[in-house]
Each structure stands twice: as C-alpha cells, then as structure tokens.
>>> print(open('upload18.txt').read())   # compact mmCIF, C-alpha atoms
# COMPACT_ATOMS: atom_id res chain seq x y z
CA MET A 1 0.00 0.00 0.00
CA PRO A 2 1.41 3.45 -0.84
CA LYS A 3 2.00 5.41 2.35
CA GLU A 4 0.20 8.34 0.71
CA VAL A 5 -3.13 6.49 0.93
CA LEU A 6 -2.80 5.56 4.60
CA PRO A 7 -5.79 7.15 6.36
CA ILE A 8 -5.62 9.77 9.07
CA VAL A 9 -8.97 8.98 10.72
CA ASP A 10 -11.32 9.08 7.70
CA LYS A 11 -9.23 10.42 4.79
CA PRO A 12 -5.96 9.33 3.19
CA LEU A 13 -2.89 11.51 3.54
CA VAL A 14 -2.91 12.34 -0.15
CA GLN A 15 -6.41 13.82 0.09
CA TYR A 16 -5.32 16.19 2.86
CA ALA A 17 -2.45 17.25 0.57
CA VAL A 18 -4.73 17.94 -2.39
CA GLU A 19 -7.19 19.82 -0.18
CA GLU A 20 -4.33 22.03 1.01
CA ALA A 21 -3.30 22.73 -2.58
CA ALA A 22 -6.87 23.49 -3.65
CA GLU A 23 -7.30 25.90 -0.74
CA ALA A 24 -4.23 27.75 -2.04
CA GLY A 25 -5.84 28.07 -5.49
CA LEU A 26 -3.69 25.33 -7.02
CA THR A 27 -6.29 23.14 -8.70
CA GLU A 28 -4.21 21.62 -11.52
CA ILE A 29 -2.82 18.66 -9.63
CA GLY A 30 0.06 16.59 -10.98
CA PHE A 31 1.30 13.39 -9.38
CA VAL A 32 4.71 11.82 -9.84
CA THR A 33 4.16 8.21 -8.86
CA GLY A 34 5.88 4.85 -9.22
CA ARG A 35 5.21 1.14 -9.21
CA GLY A 36 2.53 0.01 -6.80
CA LYS A 37 0.89 3.43 -6.46
CA ARG A 38 -2.18 2.99 -8.64
CA ALA A 39 -4.32 3.42 -5.53
CA ILE A 40 -3.58 7.16 -5.64
CA GLU A 41 -5.00 7.48 -9.14
CA ASP A 42 -8.02 5.35 -8.26
CA HIS A 43 -8.78 7.45 -5.19
CA PHE A 44 -9.31 10.60 -7.27
CA ASP A 45 -11.86 8.92 -9.50
CA VAL A 46 -15.50 7.91 -9.23
CA SER A 47 -16.07 4.53 -7.57
CA TYR A 48 -19.38 3.53 -9.10
CA GLU A 49 -19.76 0.37 -7.02
CA LEU A 50 -19.18 2.21 -3.74
CA GLU A 51 -21.41 5.13 -4.66
CA HIS A 52 -24.20 2.76 -5.66
CA GLN A 53 -23.95 0.82 -2.40
CA ILE A 54 -24.14 3.85 -0.11
CA ALA A 55 -26.44 6.09 -2.19
CA GLY A 56 -29.21 7.49 -0.02
CA THR A 57 -27.63 6.33 3.25
CA GLY A 58 -26.02 8.35 6.01
CA LYS A 59 -22.62 7.21 4.76
CA GLU A 60 -23.00 9.14 1.50
CA LYS A 61 -21.99 12.37 3.22
CA ALA A 62 -18.49 10.92 3.63
CA LEU A 63 -18.05 11.33 -0.14
CA ASP A 64 -18.61 15.12 -0.09
CA GLY A 65 -14.91 15.97 0.24
CA ILE A 66 -13.60 13.76 -2.55
CA ARG A 67 -16.51 14.67 -4.84
CA SER A 68 -15.68 18.35 -4.42
CA LEU A 69 -12.03 17.77 -5.32
CA ILE A 70 -12.93 15.70 -8.39
CA LYS A 71 -15.30 18.45 -9.53
CA ASN A 72 -12.97 21.40 -8.96
CA CYS A 73 -9.50 19.99 -9.74
CA THR A 74 -7.83 18.34 -12.69
CA PHE A 75 -5.50 15.39 -12.12
CA SER A 76 -2.50 14.34 -14.21
CA TYR A 77 -0.03 11.54 -13.59
CA THR A 78 3.50 10.66 -14.63
CA ARG A 79 5.96 8.07 -13.35
CA GLN A 80 9.40 8.11 -11.82
CA VAL A 81 10.68 4.74 -13.04
CA ASN A 82 13.74 4.70 -10.78
CA MET A 83 13.64 6.15 -7.27
CA ALA A 84 16.46 8.64 -7.81
CA GLY A 85 15.56 11.35 -5.31
CA LEU A 86 13.07 14.19 -4.91
CA GLY A 87 14.97 16.36 -7.36
CA ASP A 88 14.62 13.69 -10.03
CA ALA A 89 10.91 13.27 -9.23
CA ILE A 90 10.33 17.02 -9.62
CA LEU A 91 12.20 16.98 -12.92
CA LYS A 92 9.95 14.15 -14.14
CA GLY A 93 6.99 16.45 -13.48
CA GLN A 94 8.10 19.04 -16.01
CA THR A 95 5.99 17.45 -18.74
CA ILE A 96 2.91 18.12 -16.58
CA ILE A 97 3.91 21.55 -15.29
CA GLY A 98 5.44 23.28 -18.28
CA ASP A 99 7.05 26.70 -17.93
CA GLU A 100 5.31 28.16 -14.90
CA PRO A 101 5.74 28.34 -11.11
CA PHE A 102 4.37 25.39 -9.15
CA GLY A 103 3.93 24.03 -5.66
CA VAL A 104 5.27 20.75 -4.31
CA VAL A 105 3.54 18.89 -1.48
CA LEU A 106 4.97 15.76 0.12
CA ALA A 107 1.90 14.02 1.50
CA ASP A 108 3.65 12.28 4.38
CA ASP A 109 4.27 15.71 5.91
CA LEU A 110 0.74 16.46 7.11
CA CYS A 111 0.48 20.19 7.86
CA LEU A 112 -2.22 22.02 9.75
CA GLY A 113 -2.09 25.80 9.26
CA ASP A 114 -3.13 28.19 11.99
CA GLU A 115 -5.58 30.32 9.98
CA GLN A 116 -4.90 29.12 6.45
CA GLY A 117 -3.05 26.19 4.96
CA VAL A 118 0.73 26.23 4.73
CA LEU A 119 0.69 26.26 0.93
CA ALA A 120 -1.76 29.18 0.90
CA GLN A 121 0.57 31.09 3.21
CA MET A 122 3.45 30.41 0.80
CA VAL A 123 1.44 31.46 -2.26
CA GLY A 124 0.89 34.84 -0.61
CA LEU A 125 4.65 35.19 -0.13
CA PHE A 126 5.35 34.12 -3.69
CA ARG A 127 3.12 36.88 -5.02
CA GLN A 128 5.28 39.33 -3.10
CA TYR A 129 8.78 37.95 -3.79
CA ARG A 130 8.33 35.99 -7.06
CA CYS A 131 11.05 33.47 -6.20
CA SER A 132 11.31 29.90 -4.95
CA ILE A 133 10.14 29.42 -1.37
CA VAL A 134 10.68 26.47 0.99
CA ALA A 135 8.82 25.85 4.24
CA ILE A 136 11.00 25.37 7.32
CA GLU A 137 10.67 24.62 11.00
CA GLU A 138 13.08 24.37 13.91
CA VAL A 139 14.07 20.82 14.79
CA PRO A 140 16.19 19.40 17.63
CA ALA A 141 19.88 19.48 16.75
CA ASP A 142 20.17 15.69 16.85
CA GLN A 143 17.55 15.38 14.06
CA THR A 144 19.26 17.48 11.38
CA GLY A 145 20.49 14.30 9.68
CA SER A 146 16.92 13.63 8.53
CA TYR A 147 16.38 16.92 6.71
CA GLY A 148 17.73 19.51 4.34
CA VAL A 149 18.95 22.35 6.58
CA ILE A 150 19.25 26.03 5.62
CA ASP A 151 21.13 29.10 6.74
CA GLY A 152 20.74 32.66 5.60
CA GLU A 153 19.84 36.29 6.22
CA MET A 154 16.85 36.95 8.43
CA ILE A 155 14.37 39.18 6.61
CA SER A 156 11.78 38.97 9.39
CA ASP A 157 10.90 36.68 12.29
CA SER A 158 9.44 34.15 9.85
CA LEU A 159 11.39 34.73 6.63
CA VAL A 160 15.00 33.92 5.73
CA ARG A 161 16.84 34.66 2.50
CA VAL A 162 18.77 31.44 1.93
CA THR A 163 22.56 31.58 1.55
CA ASN A 164 23.40 27.97 2.41
CA MET A 165 21.59 24.65 2.28
CA VAL A 166 22.91 21.22 3.26
CA GLU A 167 21.22 17.85 2.73
CA LYS A 168 20.96 15.71 5.91
CA PRO A 169 24.00 17.08 7.77
CA ALA A 170 25.34 15.57 10.95
CA PRO A 171 24.53 17.80 13.95
CA GLU A 172 28.12 19.08 14.14
CA ASP A 173 28.02 20.03 10.43
CA ALA A 174 24.55 21.60 10.32
CA PRO A 175 24.53 25.35 9.55
CA SER A 176 21.42 25.81 11.75
CA ASN A 177 18.47 23.84 13.11
CA LEU A 178 16.10 25.21 10.45
CA ALA A 179 14.90 22.18 8.53
CA ILE A 180 13.07 22.09 5.21
CA ILE A 181 9.74 20.25 5.33
CA GLY A 182 7.63 18.92 2.47
CA ARG A 183 6.24 22.19 1.09
CA TYR A 184 7.87 24.10 -1.76
CA ILE A 185 6.96 26.74 -4.30
CA LEU A 186 9.42 26.59 -7.18
CA THR A 187 10.06 28.77 -10.22
CA PRO A 188 10.37 26.92 -13.56
CA ASP A 189 14.10 27.63 -13.98
CA ILE A 190 14.60 24.91 -11.36
CA PHE A 191 14.13 22.31 -14.10
CA GLU A 192 17.26 23.36 -16.01
CA ILE A 193 19.19 23.55 -12.75
CA LEU A 194 18.06 20.03 -11.83
CA ARG A 195 19.13 18.73 -15.24
CA ASN A 196 22.63 19.98 -14.50
CA THR A 197 22.73 18.87 -10.85
CA PRO A 198 24.86 15.73 -10.34
CA PRO A 199 23.69 13.04 -7.92
CA GLY A 200 24.47 13.99 -4.34
CA LYS A 201 23.78 12.33 -1.01
CA ASN A 202 22.89 8.62 -1.41
CA GLY A 203 23.48 8.88 -5.16
CA GLU A 204 20.19 10.76 -5.61
CA VAL A 205 19.41 14.07 -7.31
CA GLN A 206 18.75 16.31 -4.33
CA ILE A 207 16.39 19.27 -4.59
CA THR A 208 18.45 20.96 -1.88
CA ASP A 209 21.52 20.97 -4.16
CA ALA A 210 19.50 22.55 -6.98
CA LEU A 211 17.95 25.10 -4.63
CA LEU A 212 21.38 26.08 -3.33
CA THR A 213 22.46 26.80 -6.91
CA GLN A 214 19.30 28.82 -7.39
CA ALA A 215 19.94 30.72 -4.16
CA LYS A 216 23.48 31.62 -5.26
CA THR A 217 22.43 32.81 -8.71
CA GLY A 218 19.10 34.36 -7.79
CA CYS A 219 16.90 34.14 -4.72
CA VAL A 220 15.37 31.45 -2.51
CA MET A 221 13.31 32.29 0.56
CA ALA A 222 12.71 30.01 3.55
CA TYR A 223 9.48 30.49 5.49
CA LYS A 224 8.72 29.53 9.09
CA PHE A 225 5.10 28.60 8.51
CA LYS A 226 2.30 29.29 10.95
CA GLY A 227 0.93 25.94 11.97
CA ARG A 228 1.87 22.43 12.93
CA ARG A 229 3.46 19.53 11.04
CA PHE A 230 3.06 15.81 11.63
CA ASP A 231 5.76 13.54 10.21
CA CYS A 232 3.51 10.73 9.00
CA GLY A 233 6.46 8.96 7.43
CA SER A 234 7.25 7.72 10.93
CA VAL A 235 5.06 5.48 13.07
CA ALA A 236 5.15 7.91 16.00
CA GLY A 237 4.17 10.86 13.80
CA PHE A 238 1.40 8.88 12.11
CA VAL A 239 -0.11 7.87 15.44
CA GLU A 240 0.24 11.41 16.80
CA ALA A 241 -1.56 12.85 13.75
CA THR A 242 -4.33 10.26 13.96
CA ASN A 243 -4.97 10.98 17.62
CA TYR A 244 -4.87 14.76 17.12
CA TYR A 245 -7.26 14.77 14.15
CA TYR A 246 -9.61 12.33 15.85
CA GLU A 247 -9.78 14.43 19.01
CA ASN A 248 -10.12 17.79 17.25
CA PHE A 249 -11.85 17.32 13.91
CA PHE A 250 -13.63 14.00 13.62
CA GLU A 251 -17.41 14.26 13.87
CA GLN A 252 -18.72 11.02 15.29
CA ALA A 253 -22.05 9.80 14.02
>>> encode(input="upload18.txt", output="structure tokens")
Amino acid sequence: MPKEVLPIVDKPLVQYAVEEAAEAGLTEIGFVTGRGKRAIEDHFDVSYELEHQIAGTGKEKALDGIRSLIKNCTFSYTRQVNMAGLGDAILKGQTIIGDEPFGVVLADDLCLGDEQGVLAQMVGLFRQYRCSIVAIEEVPADQTGSYGVIDGEMISDSLVRVTNMVEKPAPEDAPSNLAIIGRYILTPDIFEILRNTPPGKNGEVQITDALLTQAKTGCVMAYKFKGRRFDCGSVAGFVEATNYYYENFFEQA
C-alpha cells in the first residue's frame, strides 16, 4: 500500500495534501508516482460500485470531500521509473507543469495551518517575492540528519533569505536547526538547474543541491510557517496525527 493512501482517521494523507493545494488556489494537480501506487490514481476517480452501495444512506456524506475535489480539480499523472531522489521526481513532473511556477507537497508531511493552509501562506509570499520558497521549522539538533537544513539572512521573524543549504547534515556540520519540510513553491528555472545537478547524497538528485544553486544565482526564501506539522512517514508521527485529528476534527455519528 502506498504510504500516501494511509488514512488519518477518515481520509488518506494524499487527500489532505490535495485539499491544502486546492485551498491555495492550485487546482491543476500533478502526481509523480511509481510502481505500486495505482491506488492514488483510483482514489481521485469515481467509484461507481461504492457510490451505488451507499447512495441514499447516512454514509454518502463521507463522499462530499472527494466529490468536491474531483469536480474542482484536474489530475494528471507521470511516473518516476527509478527512485532517484526528490529532485529527479520534480524533474519528471516538467511534462505536466510546463514553464510556470508550481507548488510541491509531500503528502507524508501532514500540515495544519493556523488560519490558512501552509501552501496558501506560501502562495501569498510568492506573489510578493516571485522566487522559490521552501517551508521550514526548527528541529532538535540531533535530528538534522533527517532533513535539508538552511542558513541565511533573516528578513523577518518568519522569513530567511537562503545563503546555504545542506542535505541531511550531521549535527556538528549543520549550519542551523532550520529544517526544510515537504512544502515548496518553485520557479520553472529549477528544471534546467536540476538537469545539471549531479547526484548527491545517497546517489540521488537532491532538490536541496539545486535550490542552493538557485539561491546563489538568484533568490530562494525560507518560510517559518504558521501551523503544525506531523511527520507521518514515521510510526510515531502517524499515530500522533491520527490521535490529534480524531480528538479535534472527527465528527462522530
């Protein structure tokens, strides 16, 4: 089962991600998938058998969210044949995206914005600065080896102009404790940079390496988002998210 379709209470992670994008006005949704992930494509489609079985029952209301997304968004799919890193996956998406700015959402980072979604917050910043933006949060020093970590010039309490970016540094090598999480807004010149970015850590094409090049030749902003992130790629984070959403948002029949 793809981790993106694991449910947090009553919806899969990938649906939360698409809802966040749609809230930000990003309704042309492109997926870069791989082997064994057909369940993602099937989820954003009409299930005639299911709809027939629950038509007219109290359970039909559970379909309101996915029906709204299917109605208001378009969905396109391409494949990353070899798992060669996030940078490579983003590059594979160029055929869907074309020559325009775009957002990237990693569904296993489940984000809950304070007043608006994290991606919507970042879209507002993009309209102001017109450059690539990454979402960041402070992490304990001993966890830097799990993230891309940035350093830079503080523009405000929540905004940093990036001057350095390191992929999964050891704590003693980390330039800060500001870690990139799975939300990006990228300008289309990132594709050419990625094409010329050699494999980095673990032999993969790292988006952090490409973003560092972009930061040195232009501008990349890092944003301390207003909200909370759950790392649903870990068991502890998945359980924490499930409990939190159940206690705060789930309406029991």
>>> atom_distance(input="upload18.txt", atom1="atom CA of Leu178 of chain A", atom2="atom CA of Ile193 of chain A")
23.5 Å
>>> residues_around(input="upload18.txt", residues="Cys131 of chain A", least_positions_apart="6", cutoff="10 Å", atoms="all atoms listed in the file", output="NGL selection string")
:A and (101 or 125 or 185-188 or 214-215 or 218-221)
>>> closest_atom_pairs(input="upload18.txt", of="segment 59-120 of chain A", to="segment 21-26 of chain A", cutoff="8 Å", atoms="all atoms listed in the file", output="Markdown table")
| residue | atom | partner | partner_atom | distance |
| --- | --- | --- | --- | --- |
| A:Leu69 | CA | A:Ala22 | CA | 7.9 |
| A:Cys73 | CA | A:Ala22 | CA | 7.5 |
| A:Gly103 | CA | A:Leu26 | CA | 7.8 |
| A:Val105 | CA | A:Ala21 | CA | 7.9 |
| A:Gly117 | CA | A:Glu23 | CA | 7.1 |
| A:Leu119 | CA | A:Ala24 | CA | 5.9 |
| A:Ala120 | CA | A:Ala24 | CA | 4.1 |
>>> residues_around(input="upload18.txt", residues="Val134 of chain A", least_positions_apart="3", cutoff="7 Å", atoms="all atoms listed in the file", output="ChimeraX atom specification")
/A:180,183-185,221-223
>>> residues_near_point(input="upload18.txt", point="(13.6, 35.4, 1.9)", cutoff="12 Å", atoms="only C-alpha atoms", output="JSON, numbers by chain")
{"A": [122, 125, 126, 128, 129, 130, 131, 132, 133, 134, 135, 136, 150, 151, 152, 153, 154, 155, 156, 157, 158, 159, 160, 161, 162, 163, 215, 218, 219, 220, 221, 222, 223, 224]}
>>> residues_around(input="upload18.txt", residues="Pro198 of chain A", least_positions_apart="4", cutoff="12 Å", atoms="all atoms listed in the file", output="list in words")
Ala84, Gly85, Gly87, Asp88, Ile193, Leu194, Asn202, Gly203, Glu204, Val205, Gln206, Ile207, Thr208, Asp209, Ala210 and Thr213 of chain A
>>> write_last_selection(input="upload18.txt", atoms="C-alpha atoms", output="PDB file, in the frame of the given file")
ATOM      1  CA  ALA A  84      16.460   8.640  -7.810  1.00  0.00           C
ATOM      2  CA  GLY A  85      15.560  11.350  -5.310  1.00  0.00           C
ATOM      3  CA  GLY A  87      14.970  16.360  -7.360  1.00  0.00           C
ATOM      4  CA  ASP A  88      14.620  13.690 -10.030  1.00  0.00           C
ATOM      5  CA  ILE A 193      19.190  23.550 -12.750  1.00  0.00           C
ATOM      6  CA  LEU A 194      18.060  20.030 -11.830  1.00  0.00           C
ATOM      7  CA  ASN A 202      22.890   8.620  -1.410  1.00  0.00           C
ATOM      8  CA  GLY A 203      23.480   8.880  -5.160  1.00  0.00           C
ATOM      9  CA  GLU A 204      20.190  10.760  -5.610  1.00  0.00           C
ATOM     10  CA  VAL A 205      19.410  14.070  -7.310  1.00  0.00           C
ATOM     11  CA  GLN A 206      18.750  16.310  -4.330  1.00  0.00           C
ATOM     12  CA  ILE A 207      16.390  19.270  -4.590  1.00  0.00           C
ATOM     13  CA  THR A 208      18.450  20.960  -1.880  1.00  0.00           C
ATOM     14  CA  ASP A 209      21.520  20.970  -4.160  1.00  0.00           C
ATOM     15  CA  ALA A 210      19.500  22.550  -6.980  1.00  0.00           C
ATOM     16  CA  THR A 213      22.460  26.800  -6.910  1.00  0.00           C
TER      17      THR A 213
END
>>> closest_residue(input="upload18.txt", among="A:Thr78, A:Glu49, A:Arg127, A:Leu110", to="Glu240 of chain A", atoms="all atoms listed in the file")
A:Leu110
>>> atom_distance(input="upload18.txt", atom1="atom CA of Leu212 of chain A", atom2="atom CA of Val166 of chain A")
8.3 Å
>>> closest_residue(input="upload18.txt", among="A:Val81, A:Leu6, A:Ala241, A:Ile40", to="Arg228 of chain A", atoms="only C-alpha atoms")
A:Ala241
>>> residues_around(input="upload18.txt", residues="segment 169-175 of chain A", least_positions_apart="4", cutoff="8 Å", atoms="all atoms listed in the file", output="number ranges by chain")
A: 141-151, 164-165
>>> residues_around(input="upload18.txt", residues="Thr242 of chain A", least_positions_apart="4", cutoff="12 Å", atoms="all atoms listed in the file", output="list in words")
Leu6, Pro7, Ile8, Val9, Asp10, Lys11, Pro12, Leu13, Leu110, Phe230, Asp231, Cys232, Val235, Ala236, Gly237, Phe238, Tyr246, Glu247, Asn248, Phe249 and Phe250 of chain A
>>> axis_aligned_box(input="upload18.txt", around="segment 67-81 of chain A", padding_each_side="6 Å", output="JSON")
{"center_x": -2.9, "center_y": 13.1, "center_z": -9.5, "size_x": 39.2, "size_y": 28.7, "size_z": 22.2}
>>> atom_distance(input="upload18.txt", atom1="atom CA of Arg195 of chain A", atom2="atom CA of Gln80 of chain A")
14.8 Å
>>> residues_near_point(input="upload18.txt", point="(5.2, 21.9, -16.5)", cutoff="12 Å", atoms="all atoms listed in the file", output="MDAnalysis selection string")
chainID A and resid 28:31 76:78 90:103 186:191
